[in-house]
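Structure file target24.cif; described as mmCIF, C-alpha atoms.
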data_data
#
loop_
_atom_site.label_atom_id
_atom_site.label_comp_id
_atom_site.auth_asym_id
_atom_site.auth_seq_id
_atom_site.Cartn_x
_atom_site.Cartn_y
_atom_site.Cartn_z
CA ARG A 811 -65.46 5.18 54.78
CA ILE A 812 -66.54 8.82 54.79
CA LEU A 813 -63.75 9.91 57.16
CA PRO A 814 -61.92 11.86 54.40
CA TYR A 815 -65.14 13.78 53.73
CA LEU A 816 -65.75 14.40 57.45
CA TYR A 817 -62.17 15.55 58.03
CA SER A 818 -62.47 17.97 55.10
CA LEU A 819 -65.75 19.33 56.49
CA HIS A 820 -64.26 20.01 59.91
CA GLU A 821 -61.30 21.85 58.38
CA LEU A 822 -63.75 23.92 56.34
CA ALA A 823 -65.74 24.65 59.51
CA ALA A 824 -62.58 25.82 61.31
CA ARG A 825 -61.48 27.99 58.38
CA GLU A 826 -64.76 29.45 57.11
CA ALA A 827 -67.28 28.65 59.89
CA ASP A 828 -69.40 26.49 57.58
CA PRO A 829 -71.47 24.07 59.69
CA VAL A 830 -70.76 20.35 59.45
CA LEU A 831 -74.42 19.57 60.23
CA ALA A 832 -77.18 21.86 59.03
CA ALA A 833 -80.88 21.98 58.32
CA THR A 834 -81.66 21.59 54.63
CA PHE A 835 -82.85 25.20 54.33
CA PHE A 836 -79.31 26.38 55.19
CA HIS A 837 -78.05 25.05 51.85
CA PHE A 838 -81.32 25.51 49.93
CA PRO A 839 -82.86 28.80 51.16
CA GLU A 840 -84.59 29.34 47.82
CA ASP A 841 -86.71 26.20 48.33
CA VAL A 842 -89.48 27.22 50.74
CA ALA A 843 -90.46 23.57 51.20
CA THR A 844 -87.26 23.04 53.21
CA TYR A 845 -88.46 25.55 55.84
CA GLN A 846 -90.78 22.86 57.22
CA GLN A 847 -88.28 20.03 56.80
CA ASP A 848 -87.21 18.84 60.24
CA THR A 849 -86.61 15.09 59.89
CA GLU A 850 -83.68 15.20 57.43
CA TYR A 851 -80.40 17.08 57.63
CA MET A 852 -77.38 17.98 55.52
CA LEU A 853 -73.98 16.50 56.37
CA GLY A 854 -71.88 19.18 54.75
CA PRO A 855 -73.19 20.64 51.51
CA SER A 856 -73.07 17.33 49.62
CA LEU A 857 -74.94 14.68 51.64
CA LEU A 858 -78.58 14.59 52.71
CA VAL A 859 -79.25 12.14 55.55
CA ALA A 860 -82.73 10.78 56.33
CA PRO A 861 -82.70 8.97 59.71
CA VAL A 862 -85.51 6.54 60.54
CA PHE A 863 -87.55 7.51 63.62
CA THR A 864 -90.41 5.02 63.48
CA ALA A 865 -89.92 1.69 65.26
CA GLY A 866 -90.22 -1.28 62.90
CA ALA A 867 -90.23 0.88 59.75
CA THR A 868 -88.79 -0.68 56.60
CA GLU A 869 -89.08 2.35 54.34
CA ARG A 870 -88.67 6.09 54.62
CA THR A 871 -90.53 8.97 52.96
CA LEU A 872 -88.49 12.14 52.57
CA TYR A 873 -88.28 15.38 50.61
CA LEU A 874 -85.37 16.14 48.26
CA PRO A 875 -84.67 19.88 47.99
CA ALA A 876 -85.25 21.51 44.61
CA GLY A 877 -82.62 23.04 42.36
CA THR A 878 -80.47 19.94 41.97
CA ASP A 879 -80.62 16.23 41.24
CA TRP A 880 -79.82 13.65 43.91
CA TYR A 881 -78.18 10.20 43.85
CA ASP A 882 -78.84 7.41 46.31
CA LEU A 883 -75.45 6.77 47.93
CA GLU A 884 -75.93 2.99 47.94
CA THR A 885 -77.77 2.29 44.69
CA ASP A 886 -76.75 5.26 42.49
CA GLN A 887 -80.39 5.78 41.52
CA LYS A 888 -80.95 9.33 40.37
CA TYR A 889 -83.84 11.49 41.60
CA ALA A 890 -84.94 14.96 40.60
CA GLY A 891 -85.06 17.48 43.42
CA GLY A 892 -88.23 19.19 44.54
CA GLN A 893 -90.19 16.02 45.20
CA GLU A 894 -91.11 13.61 47.97
CA ILE A 895 -89.92 10.03 47.54
CA THR A 896 -90.21 6.76 49.47
CA VAL A 897 -87.17 4.49 49.67
CA PRO A 898 -86.28 1.24 51.47
CA ALA A 899 -84.97 1.73 55.02
CA PRO A 900 -84.25 -1.64 56.66
CA LEU A 901 -82.81 -1.79 60.16
CA ASP A 902 -79.19 -1.79 58.95
CA HIS A 903 -79.54 1.09 56.46
CA ILE A 904 -79.99 4.87 56.76
CA PRO A 905 -80.99 6.54 53.48
CA VAL A 906 -78.30 8.97 52.31
CA PHE A 907 -78.36 11.01 49.09
CA VAL A 908 -75.54 12.74 47.24
CA ARG A 909 -76.06 16.16 45.72
CA ALA A 910 -75.40 16.24 41.96
CA GLY A 911 -72.05 17.84 41.16
CA SER A 912 -70.42 16.67 44.38
CA MET A 913 -66.98 15.21 44.86
CA LEU A 914 -67.25 12.70 47.69
CA PRO A 915 -63.88 11.42 48.99
CA LEU A 916 -64.05 7.94 50.51
CA ALA A 917 -61.50 5.48 51.90
CA SER A 918 -61.44 2.13 53.65
CA VAL A 919 -63.09 1.95 57.07
CA ARG A 920 -60.90 3.49 59.77
CA GLN A 921 -61.40 5.14 63.14
CA HIS A 922 -58.94 8.04 62.79
CA VAL A 923 -56.85 9.60 60.03
CA GLN A 924 -53.57 8.01 61.17
CA GLU A 925 -54.91 4.47 61.19
CA THR A 926 -53.46 2.27 58.47
CA THR A 927 -55.34 -0.52 56.73
CA GLY A 928 -54.56 -3.02 54.02
CA ASP A 929 -56.32 -0.79 51.50
CA ASP A 930 -54.40 2.45 50.95
CA ARG A 931 -56.63 3.96 48.26
CA ILE A 932 -58.34 7.32 48.33
CA ALA A 933 -61.42 7.26 46.11
CA LEU A 934 -62.87 10.47 44.74
CA HIS A 935 -66.48 9.88 43.73
CA LEU A 936 -67.64 12.44 41.17
CA TYR A 937 -71.33 12.96 40.44
CA PRO A 938 -72.35 14.97 37.35
CA GLY A 939 -73.73 18.42 37.97
CA SER A 940 -72.82 22.08 38.29
CA PHE A 941 -72.44 22.24 42.09
CA GLU A 942 -68.89 22.87 43.32
CA SER A 943 -68.32 20.80 46.44
CA PRO A 944 -65.56 21.30 49.03
CA ALA A 945 -62.05 20.08 48.28
CA LEU A 946 -60.46 17.06 49.92
CA TYR A 947 -58.34 18.27 52.84
CA GLU A 948 -55.49 16.29 54.42
CA ASP A 949 -52.71 16.86 56.95
CA ASP A 950 -50.72 14.71 59.38
CA GLY A 951 -53.70 14.58 61.76
CA ILE A 952 -51.70 15.22 64.92
CA SER A 953 -49.55 18.38 64.80
CA ASN A 954 -50.04 22.07 64.07
CA GLU A 955 -47.77 21.97 61.02
CA HIS A 956 -50.78 22.71 58.83
CA GLU A 957 -50.51 26.28 60.08
CA SER A 958 -47.16 26.48 58.26
CA GLY A 959 -48.52 25.09 55.00
CA GLU A 960 -48.10 21.38 55.74
CA TYR A 961 -51.52 20.43 54.41
CA LEU A 962 -52.90 19.21 51.10
CA ARG A 963 -56.12 20.49 49.59
CA THR A 964 -57.21 18.64 46.43
CA SER A 965 -59.98 19.45 43.99
CA VAL A 966 -60.81 18.10 40.55
CA GLN A 967 -61.74 20.37 37.65
CA GLU A 968 -63.59 18.86 34.69
CA THR A 969 -63.79 20.10 31.12
CA ALA A 970 -65.78 18.33 28.44
CA SER A 971 -66.07 18.17 24.67
CA SER A 972 -67.94 15.86 22.32
CA PHE A 973 -65.04 13.40 22.17
CA ARG A 974 -63.32 13.57 25.57
CA ARG A 975 -63.63 14.38 29.26
CA ASP A 976 -60.63 15.96 30.96
CA PHE A 977 -60.06 15.90 34.73
CA LEU A 978 -57.38 18.17 36.20
CA PHE A 979 -56.22 17.63 39.79
CA VAL A 980 -55.59 20.97 41.50
CA ARG A 981 -53.57 20.84 44.71
CA GLU A 982 -52.64 23.39 47.34
CA GLY A 983 -50.18 22.95 50.21
CA SER A 984 -46.93 21.08 50.80
CA TYR A 985 -48.10 18.03 52.77
CA GLN A 986 -47.06 14.70 51.24
CA PRO A 987 -49.46 11.83 52.05
CA ALA A 988 -48.19 8.29 52.53
CA PRO A 989 -47.83 6.19 49.35
CA ARG A 990 -51.22 5.21 48.03
CA SER A 991 -53.34 4.92 44.92
CA THR A 992 -55.87 7.52 43.79
CA TRP A 993 -59.13 6.29 42.32
CA LEU A 994 -61.71 8.26 40.36
CA GLU A 995 -65.25 6.91 40.49
CA LEU A 996 -67.31 8.68 37.82
CA HIS A 997 -71.00 8.05 38.49
CA ASP A 998 -73.77 8.24 35.89
CA PHE A 999 -71.21 8.51 33.08
CA GLN A 1000 -73.45 8.98 30.05
CA ALA A 1001 -70.89 8.39 27.32
CA ASP A 1002 -69.03 5.41 25.89
CA PRO A 1003 -65.29 5.57 26.71
CA VAL A 1004 -62.71 3.86 24.49
CA ALA A 1005 -59.45 4.81 26.22
CA ALA A 1006 -58.04 6.71 29.17
CA VAL A 1007 -54.97 8.94 29.16
CA ILE A 1008 -53.49 9.12 32.67
CA ASP A 1009 -50.65 11.63 33.04
CA GLY A 1010 -49.84 11.27 29.36
CA ARG A 1011 -49.96 7.45 29.22
CA VAL A 1012 -52.71 5.71 27.25
CA PHE A 1013 -54.54 2.76 28.78
CA ALA A 1014 -57.03 0.33 27.31
CA ARG A 1015 -59.96 -0.85 29.41
CA GLU A 1016 -59.32 -3.66 31.88
CA ARG A 1017 -61.48 -6.75 31.49
CA THR A 1018 -63.01 -6.40 34.98
CA VAL A 1019 -63.05 -3.80 37.71
CA ALA A 1020 -61.30 -6.33 39.98
CA ALA A 1021 -58.35 -6.33 37.59
CA LEU A 1022 -57.56 -2.77 38.68
CA ASP A 1023 -56.40 -4.11 42.04
CA SER A 1024 -53.33 -5.64 40.39
CA VAL A 1025 -52.19 -2.76 38.14
CA GLU A 1026 -50.56 0.57 38.92
CA ALA A 1027 -52.93 2.47 36.66
CA GLY A 1028 -55.90 1.65 34.46
CA TRP A 1029 -59.65 1.97 34.07
CA TYR A 1030 -62.86 0.02 33.72
CA PHE A 1031 -66.35 1.02 32.58
CA ASP A 1032 -69.50 -0.79 33.66
CA GLY A 1033 -72.07 -0.10 30.98
CA ALA A 1034 -74.93 -1.48 33.08
CA THR A 1035 -74.37 0.88 36.03
CA ARG A 1036 -72.79 3.68 33.93
CA ARG A 1037 -69.89 3.90 36.37
CA LEU A 1038 -66.35 4.53 35.18
CA THR A 1039 -63.52 3.62 37.55
CA VAL A 1040 -59.98 4.96 37.08
CA ARG A 1041 -56.94 3.94 39.12
CA ALA A 1042 -53.92 6.23 39.14
CA GLY A 1043 -50.91 7.19 41.27
CA ALA A 1044 -50.97 9.16 44.52
CA MET A 1045 -50.19 12.52 42.92
CA VAL A 1046 -51.90 12.07 39.56
CA GLN A 1047 -52.18 15.32 37.61
CA THR A 1048 -54.51 14.67 34.68
CA VAL A 1049 -56.97 12.03 33.50
CA SER A 1050 -58.57 12.25 30.06
CA ILE A 1051 -61.33 9.92 28.96
CA VAL A 1052 -61.54 9.43 25.19
CA LEU A 1053 -65.11 8.88 24.03
CA ASN A 1054 -66.60 6.85 21.22
CA GLN A 1055 -68.42 9.86 19.84
CA PRO A 1056 -68.76 10.77 16.14
CA PRO A 1057 -68.15 14.43 15.30
CA ALA A 1058 -71.15 16.71 15.06
CA LYS A 1059 -72.61 17.31 11.62
CA GLY A 1060 -70.69 20.00 9.79
CA SER A 1061 -67.72 19.96 12.17
CA VAL A 1062 -64.14 19.08 11.31
CA PRO A 1063 -63.38 15.55 12.58
CA HIS A 1064 -60.39 15.02 14.86
CA LEU A 1065 -58.25 11.91 14.41
CA PHE A 1066 -56.36 10.45 17.38
CA TYR A 1067 -54.20 7.33 17.24
CA PHE A 1068 -53.19 5.72 20.52
CA ASP A 1069 -50.68 2.86 20.36
CA LEU A 1070 -51.88 0.83 23.34
CA ASP A 1071 -49.07 -1.72 23.43
CA GLY A 1072 -46.31 0.83 22.74
CA ASP A 1073 -44.60 -1.17 20.00
CA GLN A 1074 -45.12 1.56 17.37
CA GLN A 1075 -46.04 -1.09 14.79
CA GLY A 1076 -49.46 0.32 13.96
CA ASP A 1077 -51.28 -2.88 14.85
CA PRO A 1078 -55.02 -1.97 14.70
CA ASN A 1079 -55.81 -4.64 17.30
CA ASN A 1080 -53.72 -2.73 19.85
CA ALA A 1081 -54.81 0.80 19.02
CA VAL A 1082 -57.60 3.25 19.53
CA ILE A 1083 -58.41 5.62 16.67
#
Now, as a test, write the supplied structure out as structure tokens.
Amino acid sequence: RILPYLYSLHELAAREADPVLAATFFHFPEDVATYQQDTEYMLGPSLLVAPVFTAGATERTLYLPAGTDWYDLETDQKYAGGQEITVPAPLDHIPVFVRAGSMLPLASVRQHVQETTGDDRIALHLYPGSFESPALYEDDGISNEHESGEYLRTSVQETASSFRRDFLFVREGSYQPAPRSTWLELHDFQADPVAAVIDGRVFARERTVAALDSVEAGWYFDGATRRLTVRAGAMVQTVSIVLNQPPAKGSVPHLFYFDLDGDQQGDPNNAVI
């Protein structure tokens, strides 16, 4: 699943000599506690991996570097950096933590970049924070055409206000990936969305996250896990999330009317204001 992330890391290593694997102090030199840390490592700048070395162990104690928050990759639980924690570590699970602010590109399980599966999606998992993680890098995976510009480097820029979150997809290169869907997975989304505007089209929330599998574009918000999932086209440009947020005291309120069913009849049951 992390092949898109790994492929991007190796391209970054070839271009800028950034290591794919590194000790934690390489990315957190200001945290002197990492100088003694020799049982965890960083997989790129975004993932901290804590292998289990003790036979029969069912939990793992590890140190999370200071200066950032961390999210458990499997459970989404958030931890403050600069502390030692103990987490479950059964035989079939290696604890992995995502650095706050990261964009983690994931896909269906595959063994190489040219392998095709029944699931064509590319999922960009965004974790809140100020860290700027590496862009998603893609090319044909077999030729040297990337040297002539046949590659695609994708990053997502976020801007926020009290009533919306805007996500702009910034792309570089001329490579065209095979037809697919692009998914945004917004973790720890601490706001209440009421609509999504995807490349200028307004969408109401789907009833379940599974319903997104049968639409070309849409979104779903799980209030219990605070995860917002957006499905869009392969070359989506912009996604805006409209929030259920009253204007701040003393500010001028903004009024937006979105006709969700497109019939222009002003039906309040099919609108977001």
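Comparing the minimum interatomic distances between A:Gly854 and each of A:Tyr961, A:Tyr815, A:Phe1031, A:Phe977, counting only C-alpha atoms, we find that A:Tyr815 sits nearest.
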Legend entry - Residue contacts of A:Asp886 (9 Å, all atoms listed in the file) excluding same-chain residues fewer than 2 positions away, as a PyMOL selection string: chain A and resi 881-884+888+907-908+997-998+1035
Show which residues sit within 10 Å of stretch 978-990 of chain A, as an mmCIF file with C-alpha atoms, in the coordinates of the input. Count only C-alpha atoms, and ignore same-chain residues fewer than 4 positions away.
data_model
loop_
_atom_site.group_PDB
_atom_site.id
_atom_site.type_symbol
_atom_site.label_atom_id
_atom_site.label_comp_id
_atom_site.auth_asym_id
_atom_site.auth_seq_id
_atom_site.Cartn_x
_atom_site.Cartn_y
_atom_site.Cartn_z
ATOM 1 C CA THR A 926 -53.460 2.270 58.470
ATOM 2 C CA ASP A 929 -56.320 -0.790 51.500
ATOM 3 C CA ASP A 930 -54.400 2.450 50.950
ATOM 4 C CA ARG A 931 -56.630 3.960 48.260
ATOM 5 C CA ILE A 932 -58.340 7.320 48.330
ATOM 6 C CA ALA A 945 -62.050 20.080 48.280
ATOM 7 C CA LEU A 946 -60.460 17.060 49.920
ATOM 8 C CA TYR A 947 -58.340 18.270 52.840
ATOM 9 C CA GLU A 948 -55.490 16.290 54.420
ATOM 10 C CA ASP A 949 -52.710 16.860 56.950
ATOM 11 C CA ASP A 950 -50.720 14.710 59.380
ATOM 12 C CA GLU A 955 -47.770 21.970 61.020
ATOM 13 C CA HIS A 956 -50.780 22.710 58.830
ATOM 14 C CA SER A 958 -47.160 26.480 58.260
ATOM 15 C CA GLY A 959 -48.520 25.090 55.000
ATOM 16 C CA GLU A 960 -48.100 21.380 55.740
ATOM 17 C CA TYR A 961 -51.520 20.430 54.410
ATOM 18 C CA LEU A 962 -52.900 19.210 51.100
ATOM 19 C CA ARG A 963 -56.120 20.490 49.590
ATOM 20 C CA THR A 964 -57.210 18.640 46.430
ATOM 21 C CA SER A 965 -59.980 19.450 43.990
ATOM 22 C CA VAL A 966 -60.810 18.100 40.550
ATOM 23 C CA GLN A 967 -61.740 20.370 37.650
ATOM 24 C CA GLU A 968 -63.590 18.860 34.690
ATOM 25 C CA THR A 969 -63.790 20.100 31.120
ATOM 26 C CA ASP A 1009 -50.650 11.630 33.040
ATOM 27 C CA ALA A 1042 -53.920 6.230 39.140
ATOM 28 C CA GLY A 1043 -50.910 7.190 41.270
ATOM 29 C CA ALA A 1044 -50.970 9.160 44.520
ATOM 30 C CA MET A 1045 -50.190 12.520 42.920
ATOM 31 C CA VAL A 1046 -51.900 12.070 39.560
ATOM 32 C CA GLN A 1047 -52.180 15.320 37.610
ATOM 33 C CA THR A 1048 -54.510 14.670 34.680
ATOM 34 C CA VAL A 1049 -56.970 12.030 33.500
ATOM 35 C CA SER A 1050 -58.570 12.250 30.060
#
Per residue of stretch 958-977 of chain A within 10 Å of stretch 999-1008 of chain A, which atom pair is closest and at what distance in Å (one decimal), using only C-alpha atoms, listed by chain and increasing number, as CSV?
residue,atom,partner,partner_atom,distance
A:Ser972,CA,A:Ala1001,CA,9.5
A:Phe973,CA,A:Pro1003,CA,9.1
A:Arg974,CA,A:Pro1003,CA,8.3
A:Arg975,CA,A:Pro1003,CA,9.3
A:Asp976,CA,A:Val1007,CA,9.2
A:Phe977,CA,A:Ile1008,CA,9.7
I need the residues from that last selection saved to file as a PDB file, in the frame of the given file (with C-alpha atoms), if you can.
ATOM      1  CA  SER A 972     -67.940  15.860  22.320  1.00  0.00           C
ATOM      2  CA  PHE A 973     -65.040  13.400  22.170  1.00  0.00           C
ATOM      3  CA  ARG A 974     -63.320  13.570  25.570  1.00  0.00           C
ATOM      4  CA  ARG A 975     -63.630  14.380  29.260  1.00  0.00           C
ATOM      5  CA  ASP A 976     -60.630  15.960  30.960  1.00  0.00           C
ATOM      6  CA  PHE A 977     -60.060  15.900  34.730  1.00  0.00           C
TER       7      PHE A 977
END
Inset, instruction - List, as number ranges by chain, every residue that the PyMOL selection byres ((chain A and resi 836-853) around 9) selects in the file provided. - result: A: 816, 819, 829-835, 854-863, 872-877, 892
Inset, instruction - Would you kindly return, as a VMD selection string, each protein, DNA or RNA residue with an atom no farther than 10 Å from any atom of A:Gly866, considering only C-alpha atoms and excluding same-chain residues fewer than 6 positions away? - result: chain A and resid 899 to 901
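Straight-line separation from atom CA of A:Gly951 to atom CA of A:Val919: 16.4 Å.
What separates atom CA of A:Leu1038 from atom CA of A:Leu994 is a distance of 7.9 Å.
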Legend entry - Residue nearest A:Glu1016 - candidates A:Ser943, A:Arg1041, A:Arg1036, A:Tyr817, atoms counted: all atoms listed in the file: A:Arg1041
What are the centre and the three edge lengths of an axis-aligned box that wraps all atoms of stretch 951-960 of chain A in the file, given that 6 Å is added to every side, written as JSON and rounded to one decimal in Å?
{"center_x": -50.4, "center_y": 20.5, "center_z": 60.0, "size_x": 18.5, "size_y": 23.9, "size_z": 21.9}
Inset, instruction - Go through A:Pro898, A:Pro944, A:Gly891, A:Pro938 and flag the residue nearest A:Ala910, using all atoms listed in the file for the distances. - result: A:Pro938
Legend entry - Point-to-point distance in Å for atom CA of A:Ser912 and atom CA of A:Ser818: 13.4 Å
Inset, instruction - Considering only C-alpha atoms, return as a list in words whatever protein or nucleic-acid residues lie within 8 Å of A:Pro915, sequence-local ones (same chain, fewer than 2 positions apart) excluded. - result: Ile812, Pro814, Tyr815, Met913, Ala917, Ile932, Ala933, Leu934, His935 and Leu946 of chain A
